[in-house]
file coords_6.cif (mmCIF, C-alpha atoms)
data_query
loop_
_atom_site.label_atom_id
_atom_site.label_comp_id
_atom_site.auth_asym_id
_atom_site.auth_seq_id
_atom_site.Cartn_x
_atom_site.Cartn_y
_atom_site.Cartn_z
CA MET A 1 174.43 -8.48 -99.28
CA ASN A 2 171.77 -6.81 -101.40
CA ILE A 3 171.89 -7.39 -105.13
CA VAL A 4 170.36 -4.75 -107.39
CA LEU A 5 169.78 -4.77 -111.13
CA LEU A 6 169.81 -1.08 -112.09
CA THR A 7 168.41 -0.34 -115.54
CA VAL A 8 167.84 2.68 -117.73
CA GLY A 9 164.30 2.59 -119.05
CA ARG A 10 161.32 0.49 -118.16
CA THR A 11 160.55 -2.98 -119.47
CA ASP A 12 157.62 -2.75 -121.87
CA VAL A 13 157.95 -6.14 -123.58
CA LYS A 14 155.55 -8.53 -121.84
CA TRP A 15 157.59 -11.74 -122.14
CA VAL A 16 160.78 -9.95 -121.00
CA LYS A 17 158.96 -8.63 -117.92
CA GLU A 18 157.46 -12.05 -117.19
CA GLY A 19 160.87 -13.73 -117.45
CA LEU A 20 162.50 -11.09 -115.27
CA ASP A 21 159.73 -11.43 -112.68
CA LEU A 22 160.12 -15.22 -112.67
CA TYR A 23 163.86 -15.13 -111.95
CA ALA A 24 163.55 -12.22 -109.52
CA SER A 25 161.05 -14.28 -107.50
CA ARG A 26 163.49 -17.21 -107.46
CA LEU A 27 166.51 -15.08 -106.57
CA VAL A 28 165.05 -13.76 -103.31
CA HIS A 29 165.49 -17.27 -101.87
CA TYR A 30 169.28 -16.77 -102.09
CA ALA A 31 169.85 -13.06 -101.49
CA PRO A 32 167.86 -9.83 -101.30
CA PHE A 33 167.34 -8.93 -104.98
CA SER A 34 165.59 -5.97 -106.56
CA VAL A 35 165.25 -4.29 -109.93
CA ASN A 36 165.54 -0.52 -109.98
CA GLU A 37 164.38 1.10 -113.22
CA ILE A 38 165.47 4.64 -114.01
CA PRO A 39 162.92 6.32 -116.32
CA GLU A 40 164.09 7.01 -119.87
CA LEU A 41 164.98 10.60 -120.65
CA LYS A 42 162.33 12.75 -122.28
CA LYS A 43 162.83 15.10 -125.23
CA VAL A 44 166.19 13.72 -126.33
CA SER A 45 165.88 14.37 -130.07
CA ALA A 46 167.99 17.55 -129.77
CA LEU A 47 170.70 15.81 -127.73
CA SER A 48 173.79 14.04 -129.00
CA ARG A 49 174.61 10.47 -128.00
CA GLU A 50 177.25 11.77 -125.59
CA GLN A 51 174.78 14.17 -123.97
CA ILE A 52 172.27 11.35 -123.53
CA LYS A 53 174.96 9.13 -121.95
CA GLU A 54 175.98 11.97 -119.62
CA LYS A 55 172.42 12.62 -118.46
CA GLU A 56 171.70 8.91 -117.99
CA GLY A 57 175.04 8.57 -116.19
CA GLU A 58 174.06 11.27 -113.71
CA LEU A 59 170.82 9.40 -112.98
CA ILE A 60 172.70 6.11 -112.52
CA LEU A 61 175.25 7.66 -110.16
CA LYS A 62 172.47 9.27 -108.08
CA GLN A 63 171.14 5.77 -107.34
CA LEU A 64 174.40 4.62 -105.75
CA SER A 65 175.71 4.98 -102.23
CA PRO A 66 179.47 5.22 -101.67
CA SER A 67 179.62 1.66 -100.30
CA ASP A 68 177.91 0.08 -103.33
CA THR A 69 179.96 -2.11 -105.65
CA LEU A 70 179.00 -1.18 -109.21
CA ILE A 71 179.40 -3.76 -111.99
CA LEU A 72 178.45 -2.78 -115.53
CA LEU A 73 176.80 -5.14 -117.97
CA ASP A 74 178.78 -4.02 -120.97
CA GLU A 75 179.65 -5.54 -124.34
CA HIS A 76 183.36 -4.93 -123.66
CA GLY A 77 183.30 -6.64 -120.27
CA LYS A 78 184.74 -9.95 -119.16
CA GLU A 79 182.93 -13.04 -120.38
CA PHE A 80 182.32 -15.96 -118.04
CA ARG A 81 181.10 -19.50 -118.34
CA SER A 82 178.27 -20.05 -115.88
CA VAL A 83 180.48 -21.86 -113.35
CA GLU A 84 183.06 -19.07 -113.56
CA PHE A 85 180.31 -16.49 -113.04
CA ALA A 86 179.19 -18.39 -109.93
CA ASP A 87 182.76 -18.16 -108.59
CA TYR A 88 182.78 -14.44 -109.40
CA ILE A 89 179.51 -13.96 -107.47
CA GLN A 90 180.94 -15.90 -104.53
CA ARG A 91 184.00 -13.60 -104.45
CA GLN A 92 181.74 -10.54 -104.56
CA LEU A 93 179.57 -11.90 -101.74
CA SER A 94 182.70 -12.52 -99.66
CA SER A 95 184.07 -9.02 -100.27
CA GLY A 96 182.01 -7.44 -97.51
CA ALA A 97 180.30 -4.90 -99.76
CA ARG A 98 176.85 -3.81 -98.60
CA SER A 99 175.26 -3.85 -102.04
CA LEU A 100 176.25 -5.29 -105.37
CA VAL A 101 174.72 -3.21 -108.18
CA PHE A 102 174.68 -4.53 -111.74
CA ALA A 103 173.83 -1.79 -114.22
CA VAL A 104 172.31 -1.97 -117.69
CA GLY A 105 172.80 1.25 -119.62
CA GLY A 106 170.63 2.88 -122.21
CA ALA A 107 170.85 2.41 -125.96
CA TYR A 108 174.22 4.21 -126.20
CA GLY A 109 175.94 2.66 -123.20
CA PHE A 110 177.49 4.40 -120.21
CA SER A 111 179.10 7.78 -119.61
CA GLU A 112 182.77 8.06 -118.69
CA ALA A 113 181.75 9.02 -115.14
CA VAL A 114 179.88 5.71 -114.77
CA TYR A 115 182.82 3.75 -116.20
CA SER A 116 185.10 5.50 -113.70
CA ARG A 117 182.83 4.61 -110.76
CA ALA A 118 182.47 0.95 -111.76
CA ARG A 119 184.46 -1.85 -110.12
CA GLY A 120 184.11 -4.12 -113.13
CA LYS A 121 182.42 -4.91 -116.43
CA ILE A 122 180.74 -8.14 -117.46
CA SER A 123 179.64 -9.17 -120.94
CA LEU A 124 176.86 -11.72 -121.21
CA SER A 125 177.89 -12.69 -124.75
CA LYS A 126 179.87 -11.64 -127.77
CA MET A 127 176.46 -11.07 -129.33
CA THR A 128 174.51 -7.88 -128.71
CA PHE A 129 171.19 -8.11 -126.86
CA SER A 130 168.59 -5.39 -126.52
CA HIS A 131 168.95 -3.56 -123.23
CA GLN A 132 165.52 -4.94 -122.33
CA MET A 133 166.43 -8.59 -123.02
CA VAL A 134 169.64 -8.28 -121.02
CA ARG A 135 167.56 -7.96 -117.85
CA THR A 136 166.02 -11.42 -118.15
CA VAL A 137 169.19 -13.09 -119.44
CA PHE A 138 171.19 -11.61 -116.55
CA ALA A 139 168.60 -12.55 -113.92
CA GLU A 140 168.58 -16.13 -115.20
CA GLN A 141 172.39 -16.31 -115.08
CA LEU A 142 172.43 -14.87 -111.57
CA TYR A 143 169.87 -17.46 -110.50
CA ARG A 144 171.96 -20.17 -112.18
CA ALA A 145 175.05 -18.94 -110.32
CA PHE A 146 173.31 -19.27 -106.97
CA THR A 147 172.07 -22.77 -107.77
CA ILE A 148 175.64 -23.75 -108.71
CA LEU A 149 176.97 -22.31 -105.44
CA LYS A 150 174.32 -24.22 -103.46
CA GLY A 151 174.92 -27.46 -105.38
CA GLU A 152 171.34 -27.55 -106.63
CA PRO A 153 170.44 -29.53 -109.78
CA TYR A 154 169.51 -26.61 -112.07
CA HIS A 155 172.82 -26.38 -113.94
CA HIS A 156 174.14 -29.41 -115.82
CA GLU A 157 177.78 -29.68 -116.79
#
call {"tool": "encode", "arguments": {"input": "coords_6.cif", "output": "structure tokens"}}
result
Amino acid sequence: MNIVLLTVGRTDVKWVKEGLDLYASRLVHYAPFSVNEIPELKKVSALSREQIKEKEGELILKQLSPSDTLILLDEHGKEFRSVEFADYIQRQLSSGARSLVFAVGGAYGFSEAVYSRARGKISLSKMTFSHQMVRTVFAEQLYRAFTILKGEPYHHE
């Protein structure tokens, strides 16, 4: 199964990019993993938050094939401990889906169309992270999940 981290906007913070690259390079040892960045919208000053979410939502949905399982990284999603997240990943891997796509929205979140298409929502914390930082935090947690599933000594509990 392919695992994709789909993001709105590019990473322009050096340490965030370096951290994401580090965990992306580690993840490919467990499953095909890629980061797909959708460019930020241009000339949005005249648009409302809802209009921005709608336009970003259209771009997100264009990236998906019908067989993709879409999971949103969303502040209102289900929270997991790392071991529970590893179990969740195992269930997703066993589901038979071709691709598992985790999406990070823009500054205002997701459109209703994206919420309707999603198979689930995950929250990384009760705290709010920048949509750039979420990329690295998520990649590290995904890497941690795979090491838990493989019984490797990265996670201590």
call {"tool": "resolve_selection", "arguments": {"input": "coords_6.cif", "expression": "the PyMOL selection byres ((chain A and resi 114) around 9)", "output": "list of chain:residue names"}}
result
A:Glu54, A:Gly57, A:Glu58, A:Ile60, A:Leu61, A:Leu70, A:Leu72, A:Phe110, A:Ser111, A:Glu112, A:Ala113, A:Tyr115, A:Ser116, A:Arg117, A:Ala118
call {"tool": "atom_distance", "arguments": {"input": "coords_6.cif", "atom1": "atom CA of Glu152 of chain A", "atom2": "atom CA of Ala24 of chain A"}}
result
17.4 Å
call {"tool": "resolve_selection", "arguments": {"input": "coords_6.cif", "expression": "the PyMOL selection byres ((chain A and resi 85) around 12)", "output": "PyMOL selection string"}}
result
chain A and resi 78-84+86-92+122-124+138+140-149
call {"tool": "write_last_selection", "arguments": {"input": "coords_6.cif", "atoms": "C-alpha atoms", "output": "compact mmCIF listing (two decimals), in the coordinates of the input"}}
result
# COMPACT_ATOMS: atom_id res chain seq x y z
CA LYS A 78 184.74 -9.95 -119.16
CA GLU A 79 182.93 -13.04 -120.38
CA PHE A 80 182.32 -15.96 -118.04
CA ARG A 81 181.10 -19.50 -118.34
CA SER A 82 178.27 -20.05 -115.88
CA VAL A 83 180.48 -21.86 -113.35
CA GLU A 84 183.06 -19.07 -113.56
CA ALA A 86 179.19 -18.39 -109.93
CA ASP A 87 182.76 -18.16 -108.59
CA TYR A 88 182.78 -14.44 -109.40
CA ILE A 89 179.51 -13.96 -107.47
CA GLN A 90 180.94 -15.90 -104.53
CA ARG A 91 184.00 -13.60 -104.45
CA GLN A 92 181.74 -10.54 -104.56
CA ILE A 122 180.74 -8.14 -117.46
CA SER A 123 179.64 -9.17 -120.94
CA LEU A 124 176.86 -11.72 -121.21
CA PHE A 138 171.19 -11.61 -116.55
CA GLU A 140 168.58 -16.13 -115.20
CA GLN A 141 172.39 -16.31 -115.08
CA LEU A 142 172.43 -14.87 -111.57
CA TYR A 143 169.87 -17.46 -110.50
CA ARG A 144 171.96 -20.17 -112.18
CA ALA A 145 175.05 -18.94 -110.32
CA PHE A 146 173.31 -19.27 -106.97
CA THR A 147 172.07 -22.77 -107.77
CA ILE A 148 175.64 -23.75 -108.71
CA LEU A 149 176.97 -22.31 -105.44
call {"tool": "resolve_selection", "arguments": {"input": "coords_6.cif", "expression": "the PyMOL selection byres ((chain A and resi 35-47) around 6)", "output": "ChimeraX atom specification"}}
result
/A:4-10,34,48,51
call {"tool": "atom_distance", "arguments": {"input": "coords_6.cif", "atom1": "atom CA of Ala31 of chain A", "atom2": "atom CA of Ile3 of chain A"}}
result
7.0 Å
call {"tool": "atom_distance", "arguments": {"input": "coords_6.cif", "atom1": "atom CA of Glu56 of chain A", "atom2": "atom CA of Lys17 of chain A"}}
result
21.7 Å
call {"tool": "closest_residue", "arguments": {"input": "coords_6.cif", "among": "A:Val137, A:Met1, A:Leu20, A:Ala107", "to": "Ser125 of chain A", "atoms": "all atoms listed in the file"}}
result
A:Val137
call {"tool": "closest_residue", "arguments": {"input": "coords_6.cif", "among": "A:Arg98, A:His29, A:Arg49, A:His131", "to": "Asp68 of chain A", "atoms": "only C-alpha atoms"}}
result
A:Arg98
call {"tool": "closest_residue", "arguments": {"input": "coords_6.cif", "among": "A:Trp15, A:Phe102, A:Leu59, A:Leu22", "to": "Asn2 of chain A", "atoms": "only C-alpha atoms"}}
result
A:Phe102
call {"tool": "closest_residue", "arguments": {"input": "coords_6.cif", "among": "A:Lys121, A:Gly105, A:Met127, A:Gly77", "to": "Lys55 of chain A", "atoms": "all atoms listed in the file"}}
result
A:Gly105
